[in-house]
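Take a look at the structure below.
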Amino acid sequence: MKIGFDNDKYLKIQSEHIRERIAQFDGKLYLELGGKLFDDHHASRVLPGFKPDSKLRMFAQLREQLEIVIVVSADDIEKNKVRADLGITYDEDVLRLREEFMSRDFMVGSVVITHYNGQRAADLFRHRLERMGIRSYVHYLIDGYPHNVELIASDEGFGKNDYVETSRELVIVTAPGPGSGKMAVCLSQLYNENKRGIRAGYAKFETFPVWNLPLKHPVNIAYEAATADLNDVNMIDPFHLEAYDKIAVNYNRDIEIFPVLNALFEGIYGENPYKSPTDMGVNMVGFCISDDEVCCNASREEIIRRYYDATNKMADGVDNEDEVHKIQMLFNQARITTAYRRVTVAAQAKQELSEHTAAAIELEDGTIITAKSSPLLGCSAALLLNATKHLAGIDHEDKLIPQSLIEPVQKTKTEYLGARNPRLHTDEVLVALSVVSESDERCRKALEQLPKLRDCQVHSTVMLSEVDRKIFKKLGCGLTCDPVRKK
């Protein structure tokens with residue numbers, strides 16, 4: 001994988017910039033954290049060289065100065081809202097996040113339950129936190145939020161919320177997902193700190209869109225593709241342009257809410273220290289791009305990947321036509337089609353030639369390996385064998401797994417387990433390869449090539465099973481599939 005992002009530079013200048021922001025206020029900064037703190041794979045895909053744990057590593061440099069407050073909405077607890085990527089409820093994710101932070105030696109000060117209106121499930125969760133020795137606070141629903149500024153910035157608004165006790169100068173406010181109320185918690189704390197004579201600050205830490213890249217830069221277009229289901233739109237920040245006569249990129253929700261935030265800041269402090277939504281950010285990513293072409297190419301690949309994700313969901317019956325149409329529009333802005341993705345073209349060509357479902361992988365050196373389905377193997381399982389044989393220098397015609405081993409597995413699947421598809425999946429092929437490797441040197445060499453598949457791109461002409469998808473994810477491959485269900 002070609003590198004286009006200087007991760008070491010990012011760790012250095014991002015932490016320095018946050019320290020500077022803390023110093024602008026009375027040694028107290030509430031930092032709203034947008035996006036993923038753990039495993040930020042979107043950033044690592046569009047900015048090759050950005051490590052998925054970069055944010056954590058950056059905050060590790062500020063460990064002694066910071067504490068973390070985790071926010072969860074009482075409505076989300078009541079509705080048992082589930083994180084789609086993890087399959088767990090938001091309240092369970094609060095506990096998971098806390099453990100993840102603490103295992104890395106970060107201080108987690110408390111949990112704030114927002115949008116509280118007497119929800120029973122929220123009360124039960126708070127009692128659970130209490131039994132675990134975890135401090136918790138509640139913030140209430142405020143009529144007319146966020147537009148009724150006079151009420152919000154008063155003792156009947158923010159003043160009714162529990163004051164969250166914190167002991168360190170940098171307070172990171174994070175949550176299991178969007179809509180949890182992170183910004184409102186930060187602003188409520190500013191109001192209540194100000195009543196106590198402390199002029200605390202607020203800043204927002206979101207990686208995308210990158211404010212100092214052009215509006216239609218592929219990295220920023222890829223962010224729109226990633227949030228197509230939310231219909232986020234990148235825009236020129238008009239407040240920044242008016243204040244500084246400089247172009248900066250932000251997105252619609254932050255721009256739309258800024259006049260309200262401006263009024264809230266004036267209600268709390270008498271003035272707003274920020275002249276634009278871009279001013280509120282502390283994002284230095286744009287200064288750390290070391291090879292723009294590499295990041296542009298990676299971002300175009302990401303836009304296509306998001307398109308296939310959306311069309312696969314539609315094929316599964318999800319009503320997401322608007323999301324698909326939005327990404328198709330972004331194709332025009334990025335001046336690409338799915339043909340930009342080399343493995344897509346290779347897999348589709350293989351299917352047309354063989355008249356069987358097919359898959360392709362692009363290896364680190366640019367070599368493309370293809371495979372088709374057969375009576376014994378699915379196309380993805382065959383692809384793993386073909387790719388590892390190529391990397392190990394094993395002749396393509398050599399059969400690593402004897403048919404005598406495959407057939408009993410197929411019989412068990414169909415006759416005893418009721419499967420309709422007798423072909424072996426990727427996990428079954430890897431197990432069989434492992435068994436044979438004890439007596440066959442070629443199989444051992446093939447297995448040793450698996451780490452070389454990390455960051456390689458894969459495309460299948462048919463939607464793969466959940467098992468196959470998970471295997472490619474564990475191998476670190478970027479997988480896309482045509483929106484065609486297996487027959």
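Scheme for the structure tokens: letters A, B, ... for chains in order shown; per-chain residue numbers from 1; ligand numbers from 1 in order shown.
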
Please identify all polymer residues within 8 Å of segment 311-314 of chain A, counting only C-alpha atoms, omitting same-chain residues fewer than 2 positions from it, and present them as an MDAnalysis selection string.
chainID A and resid 307:309 316:321 324 463 481:484

Segment 233-441 of chain A: residues DSSP assigns to helix (DSSP H, G or I), reported as a PyMOL selection string:
chain A and resi 238-244+252-269+277-280+285-288+292-315+321-334+338-340+342-354+379-392+403-416+426-437+441

Taking 5 positions as the minimum chain separation for residues in the same chain, which residues sit within 12 Å of Gln189 of chain A when counting only C-alpha atoms? Answer as a ChimeraX atom specification.
/A:28-32,69,112,137,139,153,157-166,171,173,182-184,194-196,198-202,265,268

Which value, in Å to one decimal, gives the distance between atom CA of Asp395 of chain A and atom CA of Leu464 of chain A?
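Atom-to-atom, atom CA of Asp395 of chain A to atom CA of Leu464 of chain A, that is 26.9 Å.
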
With a distance cut-off of 12 Å and only C-alpha atoms, select the neighbouring residues of Tyr223 of chain A, excluding the residue or stretch itself and same-chain residues fewer than 2 positions from it, and output the selection as a ChimeraX atom specification.
/A:35,42-43,45-47,206-211,215-221,225-234,249-251,299-300,302-303,306,327,330

Write a file of the selected residues as a tab-separated table (two decimals), in the first residue's frame, keeping N, CA and C atoms.
chain	number	residue	atom	x	y	z
A	35	GLY	N	-17.16	11.15	15.15
A	35	GLY	CA	-16.56	10.01	14.46
A	35	GLY	C	-16.06	8.96	15.44
A	42	HIS	N	-12.36	4.26	8.07
A	42	HIS	CA	-12.63	5.16	6.95
A	42	HIS	C	-11.43	6.08	6.72
A	43	ALA	N	-10.94	6.68	7.81
A	43	ALA	CA	-9.79	7.57	7.68
A	43	ALA	C	-8.56	6.83	7.15
A	45	ARG	N	-8.55	4.30	5.21
A	45	ARG	CA	-8.74	3.94	3.80
A	45	ARG	C	-8.51	5.13	2.88
A	46	VAL	N	-9.01	6.31	3.25
A	46	VAL	CA	-8.89	7.47	2.35
A	46	VAL	C	-7.58	8.23	2.55
A	47	LEU	N	-6.91	8.00	3.67
A	47	LEU	CA	-5.61	8.64	3.96
A	47	LEU	C	-4.60	7.54	4.25
A	206	GLU	N	-13.56	16.69	14.73
A	206	GLU	CA	-14.05	15.80	13.68
A	206	GLU	C	-13.03	15.80	12.55
A	207	THR	N	-12.73	14.61	12.04
A	207	THR	CA	-11.70	14.50	11.01
A	207	THR	C	-12.19	14.97	9.66
A	208	PHE	N	-13.48	14.74	9.36
A	208	PHE	CA	-14.01	15.06	8.03
A	208	PHE	C	-15.26	15.92	8.15
A	209	PRO	N	-15.52	16.76	7.12
A	209	PRO	CA	-14.65	17.01	5.97
A	209	PRO	C	-13.39	17.76	6.38
A	210	VAL	N	-12.36	17.66	5.56
A	210	VAL	CA	-11.09	18.32	5.86
A	210	VAL	C	-11.20	19.78	5.42
A	211	TRP	N	-11.17	20.69	6.39
A	211	TRP	CA	-11.53	22.08	6.15
A	211	TRP	C	-10.60	22.80	5.18
A	215	LEU	N	-13.32	21.89	-1.77
A	215	LEU	CA	-14.66	21.34	-1.55
A	215	LEU	C	-14.85	20.02	-2.30
A	216	LYS	N	-14.39	19.95	-3.54
A	216	LYS	CA	-14.58	18.75	-4.36
A	216	LYS	C	-13.34	17.86	-4.41
A	217	HIS	N	-12.49	17.98	-3.41
A	217	HIS	CA	-11.35	17.07	-3.31
A	217	HIS	C	-11.89	15.66	-3.05
A	218	PRO	N	-11.31	14.62	-3.66
A	218	PRO	CA	-11.83	13.26	-3.46
A	218	PRO	C	-11.95	12.84	-2.00
A	219	VAL	N	-11.04	13.30	-1.13
A	219	VAL	CA	-11.13	12.96	0.30
A	219	VAL	C	-12.43	13.48	0.89
A	220	ASN	N	-12.81	14.71	0.51
A	220	ASN	CA	-14.06	15.28	1.02
A	220	ASN	C	-15.29	14.67	0.36
A	221	ILE	N	-15.18	14.34	-0.91
A	221	ILE	CA	-16.30	13.66	-1.58
A	221	ILE	C	-16.52	12.29	-0.93
A	225	ALA	N	-19.88	10.44	0.66
A	225	ALA	CA	-20.32	9.08	0.35
A	225	ALA	C	-20.52	8.26	1.63
A	226	ALA	N	-19.62	8.47	2.60
A	226	ALA	CA	-19.70	7.73	3.86
A	226	ALA	C	-20.92	8.12	4.68
A	227	THR	N	-21.42	9.34	4.48
A	227	THR	CA	-22.57	9.83	5.25
A	227	THR	C	-23.79	10.04	4.34
A	228	ALA	N	-23.82	9.33	3.22
A	228	ALA	CA	-24.93	9.49	2.27
A	228	ALA	C	-26.26	9.12	2.91
A	229	ASP	N	-26.25	8.18	3.85
A	229	ASP	CA	-27.49	7.79	4.51
A	229	ASP	C	-28.02	8.90	5.42
A	230	LEU	N	-27.13	9.79	5.88
A	230	LEU	CA	-27.53	10.94	6.70
A	230	LEU	C	-27.80	12.17	5.86
A	231	ASN	N	-27.45	12.09	4.56
A	231	ASN	CA	-27.58	13.20	3.62
A	231	ASN	C	-26.78	14.43	4.05
A	232	ASP	N	-25.62	14.19	4.64
A	232	ASP	CA	-24.70	15.30	4.92
A	232	ASP	C	-24.18	15.88	3.61
A	233	VAL	N	-23.98	17.18	3.58
A	233	VAL	CA	-23.51	17.85	2.37
A	233	VAL	C	-22.34	18.75	2.75
A	234	ASN	N	-21.22	18.60	2.06
A	234	ASN	CA	-20.09	19.50	2.26
A	234	ASN	C	-20.41	20.87	1.66
A	249	VAL	N	-13.87	24.46	4.26
A	249	VAL	CA	-14.95	23.51	4.01
A	249	VAL	C	-15.50	22.99	5.33
A	250	ASN	N	-16.82	22.98	5.42
A	250	ASN	CA	-17.50	22.39	6.57
A	250	ASN	C	-18.69	21.61	6.04
A	251	TYR	N	-19.61	21.22	6.90
A	251	TYR	CA	-20.77	20.51	6.37
A	251	TYR	C	-22.06	21.12	6.87
A	299	SER	N	-9.33	7.61	-2.10
A	299	SER	CA	-10.66	8.15	-1.84
A	299	SER	C	-11.64	7.78	-2.95
A	300	ARG	N	-11.16	7.76	-4.18
A	300	ARG	CA	-12.04	7.32	-5.28
A	300	ARG	C	-12.44	5.86	-5.08
A	302	GLU	N	-12.74	4.44	-2.23
A	302	GLU	CA	-13.68	4.43	-1.11
A	302	GLU	C	-15.09	4.83	-1.55
A	303	ILE	N	-15.19	5.78	-2.46
A	303	ILE	CA	-16.50	6.19	-2.97
A	303	ILE	C	-17.19	5.00	-3.64
A	306	ARG	N	-18.33	2.48	-1.01
A	306	ARG	CA	-19.56	2.91	-0.36
A	306	ARG	C	-20.77	2.66	-1.27
A	327	ILE	N	-24.87	8.72	-3.89
A	327	ILE	CA	-23.50	8.29	-4.21
A	327	ILE	C	-23.29	8.27	-5.73
A	330	LEU	N	-22.30	11.58	-6.59
A	330	LEU	CA	-20.91	11.83	-6.19
A	330	LEU	C	-19.93	11.23	-7.19

Please determine, counting only C-alpha atoms, which residue among A:Leu213, A:Ala346, A:Ile152, A:Val462 has the shortest atom-to-atom distance to Met284 of chain A.
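Closest candidate: A:Leu213.
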
Which of segment 95-315 of chain A end up as strand (DSSP E or B) when DSSP is run on this backbone - answer as a PyMOL selection string?
chain A and resi 108-116+136-140+170-174+201-205+234-236+249-251+281+289

Name the closest residue to Leu479 of chain A among the candidates A:Asp76, A:Glu301, A:Leu95, A:Ile255; distances are taken between atoms, counting only C-alpha atoms.
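Nearest to Leu479 of chain A: A:Glu301.
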
May I ask which of the residues A:Leu424, A:Ala419, A:Leu66, A:Val260 is the closest one to Ile401 of chain A, counting only C-alpha atoms?
A:Leu424

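Going from atom CA of Asn148 of chain A over to atom CA of Pro176 of chain A, you cover 27.1 Å.
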
When distances are computed from only C-alpha atoms, which of A:Ala334, A:Leu376, A:Ile394, A:Val285 shows the smallest separation from Lys9 of chain A?
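Counting only C-alpha atoms, the residue closest to Lys9 of chain A is A:Val285.
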
Neighbour list for segment 381-385 of chain A as a ChimeraX atom specification, cut-off 8 Å, only C-alpha atoms, skip fewer than 4 positions in-chain
/A:359-361,369-373,377,389,424-427,429,446
